[in-house]
Structures are given as structure tokens and as C-alpha cells.
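Everything on this sheet refers to the single structure shown next.
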Amino acid sequence: MSETIPSRPRSGRLPRNARRAQLLDVALEVFVEQGYHAASMDEIAERAGVSKPVVYQHFPGKLDLYLALIQSSCDEVVSGVRGALASTTDNRRRVRATIDLWFTYVADQGAAFRLVFESDLTNDPTVRAQVDRVINESAAAIAEVISEDTGLPQEHAHLLALGLVGMGHTGARNWLTNESALDKEDAVRLVGNLAWRGIGGFPKDDVNPRGEE
């Protein structure tokens, strides 16, 4: 028999933005523990210490609440990628910082990570669109830097950027879910070195516009 998690005490009135943030935090717990289909608005309201009508004042339905969580998590990742790229003008360090961003996200925001990339609702087009968005917008930010530095056409730069994003988020996902014996710093170093040895072969200025050797 599973352990019952006690609900929070009934909370007093909060400003609208603060209440919305509280409900999102509680909903994240519930959705990650139970999955979308098993989670209920009653459970979310009980844990938040509010009545169910209060939840519906902020979110018309369970899917709306779920999508708000995914959008917030995706925004955080894309913002983090842009921040990593802007943190230095040294491209090797940019690559390392971007890979580190993915590993830090899964390590520190594991619950949010599972919500986005291991959702039991990815067949829903609105959910799938959000998951695809975090990959495509991250790649677009990286592609802009690649294109500016190498002179490669945007289509070529975007494909390379997708490869870098794939290294980051796939490597980080496997590192977390398989409970790797590597600590985060070692994992970031290994994947970062691999990524740099690939993208570092496309030098600034002196580059074949077709990306050929």
C-alpha cells in the first residue's frame, strides 16, 4: 500500500501570481509522481491546501495546468541555453557551458525534466509541440552563433546545432536515468570534449561554405 502524502494546511489568501506559482509547484509534484492520466485536480487542490474552485480560477482544466508547467520548464531551458552562449565569446567554453546547462537541468530540476521529456501525454499535439519547441529553439540559438562564426548557411548551422543539442539532452537524460557512476563534472567534461572536437572542426572565417572537408 503506497504511503499517503499529507496535504498542506489550508493556506490563506495570496496574491494571484503567488497563488499560481504555488499551484504550479504542487502540480509538478503530483504529475511527476502519478503521471498525467492518474493525477487529479482534487489531489492538487488538497496538497495545495485550497479548494478545487481556486485551482480552476487559475487553470480551466487539467490539461491547461499541465501545459503551463511544460511551457515554464521549456522556457527555463531555452533561456539557460541563451545564457550559456552569452556567458563567453570563447567557443570552446560556450560548448562546455551549453552541455553543462543540460546536465545541471536534469540534476537540479529532475522533476521538471521528467515532466517535459518523459511525459505520458506526448501523443497530444499541444504537449508534443512544447517538447519539440525546447529542442528547436535551443538549436536555433546555437545555430545563430555557428552561422555567424563560420559563415555556414543557416540550414547547415541548424543541423549542426541540433546535433549539439542532441548530445547535451540525450547524454544528460541517460546519465540521470541510468544512475551513472560518473559525477556531473566528469560527464560534462566528456560530452563537452566530444562536442567541441566535432564542432571545433568548423573554424571561423576559413571554411568551405558547403561544410565539406
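Letters A, B, ... go to the chains of the C-alpha cells in the order shown; residues in each chain start at 1; ligands are counted from 1 in the same order.
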Can you pull out the residues contacting region 162-174 of chain A? Cut-off 6 Å, using only C-alpha atoms, and skip same-chain residues under 3 positions away; I want them as an MDAnalysis selection string.
chainID A and resid 99 102:103 139 159 177:178
Atoms to include: C-alpha atoms. Write the selected residues as a JSON list (two decimals), in the first residue's frame.
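Now in selection.json:
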[["chain", "number", "residue", "atom", "x", "y", "z"],
["A", 99, "ILE", "CA", 26.46, 20.95, -22.23],
["A", 102, "TRP", "CA", 21.64, 20.30, -19.82],
["A", 103, "PHE", "CA", 23.29, 18.26, -17.10],
["A", 139, "ALA", "CA", 19.13, 24.67, -31.64],
["A", 159, "LEU", "CA", 21.63, 20.82, -38.41],
["A", 177, "THR", "CA", 18.01, 7.76, -15.66],
["A", 178, "ASN", "CA", 20.75, 5.11, -15.68]]
Counting only C-alpha atoms, which residues of region 41-75 of chain A fall within 12 Å of region 114-131 of chain A, and what is the closest atom pair for each with its distance in Å at one decimal, ordered by chain and rising number, as a Markdown table?
| residue | atom | partner | partner_atom | distance |
| --- | --- | --- | --- | --- |
| A:Leu63 | CA | A:Val127 | CA | 9.1 |
| A:Asp64 | CA | A:Thr126 | CA | 10.1 |
| A:Leu65 | CA | A:Val127 | CA | 11.5 |
| A:Tyr66 | CA | A:Val127 | CA | 8.6 |
| A:Leu67 | CA | A:Val127 | CA | 6.6 |
| A:Ala68 | CA | A:Gln130 | CA | 10.0 |
| A:Leu69 | CA | A:Leu115 | CA | 8.2 |
| A:Ile70 | CA | A:Val116 | CA | 5.8 |
| A:Gln71 | CA | A:Gln130 | CA | 6.4 |
| A:Ser72 | CA | A:Gln130 | CA | 9.9 |
| A:Ser73 | CA | A:Val116 | CA | 7.2 |
| A:Cys74 | CA | A:Gln130 | CA | 7.1 |
| A:Asp75 | CA | A:Gln130 | CA | 9.6 |
Would you mind exporting the chosen residues as a compact mmCIF listing (two decimals), in the first residue's frame, restricted to N, CA and C atoms?
# COMPACT_ATOMS: atom_id res chain seq x y z
N LEU A 63 -5.44 19.76 -18.38
CA LEU A 63 -4.51 19.91 -19.49
C LEU A 63 -3.90 21.31 -19.51
N ASP A 64 -4.70 22.32 -19.20
CA ASP A 64 -4.19 23.69 -19.16
C ASP A 64 -3.09 23.83 -18.10
N LEU A 65 -3.31 23.21 -16.96
CA LEU A 65 -2.32 23.25 -15.89
C LEU A 65 -1.04 22.52 -16.31
N TYR A 66 -1.21 21.37 -16.93
CA TYR A 66 -0.07 20.58 -17.39
C TYR A 66 0.74 21.34 -18.42
N LEU A 67 0.03 21.97 -19.38
CA LEU A 67 0.72 22.72 -20.42
C LEU A 67 1.46 23.94 -19.85
N ALA A 68 0.87 24.57 -18.84
CA ALA A 68 1.54 25.70 -18.20
C ALA A 68 2.85 25.26 -17.57
N LEU A 69 2.86 24.09 -16.95
CA LEU A 69 4.08 23.55 -16.35
C LEU A 69 5.13 23.26 -17.41
N ILE A 70 4.72 22.62 -18.49
CA ILE A 70 5.67 22.27 -19.54
C ILE A 70 6.24 23.53 -20.19
N GLN A 71 5.36 24.50 -20.44
CA GLN A 71 5.84 25.74 -21.05
C GLN A 71 6.85 26.44 -20.16
N SER A 72 6.58 26.48 -18.86
CA SER A 72 7.52 27.11 -17.92
C SER A 72 8.87 26.39 -17.93
N SER A 73 8.85 25.06 -17.94
CA SER A 73 10.08 24.28 -17.94
C SER A 73 10.86 24.48 -19.24
N CYS A 74 10.14 24.50 -20.35
CA CYS A 74 10.79 24.70 -21.65
C CYS A 74 11.40 26.09 -21.73
N ASP A 75 10.68 27.10 -21.24
CA ASP A 75 11.20 28.46 -21.24
C ASP A 75 12.50 28.54 -20.44
Which neighbours of Val26 (chain A) fall inside 8 Å, counting only C-alpha atoms, when residues of the same chain fewer than 4 positions from it are skipped, and could you give them as a PyMOL selection string?
chain A and resi 22+30+44+47-48
May I have the residues within 8 Å of region 144-148 of chain A as JSON, numbers by chain, using only C-alpha atoms and disregarding those fewer than 5 positions away in the same chain?
{"A": [153, 154, 157, 158, 161]}
Store the residues picked out above, limited to N, CA and C atoms, as an mmCIF file, in the first residue's frame.
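Below is the file result_23.cif, written as the result:
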data_model
loop_
_atom_site.group_PDB
_atom_site.id
_atom_site.type_symbol
_atom_site.label_atom_id
_atom_site.label_comp_id
_atom_site.auth_asym_id
_atom_site.auth_seq_id
_atom_site.Cartn_x
_atom_site.Cartn_y
_atom_site.Cartn_z
ATOM 1 N N PRO A 153 25.863 28.257 -44.249
ATOM 2 C CA PRO A 153 24.448 28.587 -44.447
ATOM 3 C C PRO A 153 23.625 28.216 -43.214
ATOM 4 N N GLN A 154 22.531 28.925 -43.008
ATOM 5 C CA GLN A 154 21.715 28.714 -41.819
ATOM 6 C C GLN A 154 21.231 27.275 -41.710
ATOM 7 N N ALA A 157 24.079 25.224 -40.386
ATOM 8 C CA ALA A 157 24.336 25.564 -38.986
ATOM 9 C C ALA A 157 23.256 24.976 -38.080
ATOM 10 N N HIS A 158 22.007 24.991 -38.542
ATOM 11 C CA HIS A 158 20.911 24.475 -37.711
ATOM 12 C C HIS A 158 21.055 22.966 -37.512
ATOM 13 N N ALA A 161 23.699 22.403 -35.009
ATOM 14 C CA ALA A 161 23.197 22.793 -33.688
ATOM 15 C C ALA A 161 22.283 21.719 -33.111
#
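The coordinates place CA of Arg82 (chain A) at 24.5 Å from CA of Asp25 (chain A).
Shell of Lys184 (chain A) at 12 Å, with only C-alpha atoms counted and residues fewer than 4 places along the chain excluded, is Ile99, Asp100, Leu101, Trp102, Phe103, Thr104, Tyr105, Val106, Ala107, Asp108, Gly171, Ala172, Arg173, Trp175, Leu176, Glu179, Ser180, Val188, Arg189, Leu190, Val191 and Gly192 of chain A.
You will find CA of Ala141 (chain A) at 12.4 Å from CA of Val95 (chain A).
Interatomic distance, CA of Val32 (chain A) to CA of Val55 (chain A): 18.2 Å.
The closest residue to Thr89 (chain A), picked from A:His58, A:Asp183, A:Val77, A:Asp149 and counting only C-alpha atoms, is A:Asp149.
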Could you please write out, as a PyMOL selection string, every residue of region 121-162 of chain A that DSSP assigns to helix (DSSP H, G or I)?
chain A and resi 125-150+154-162
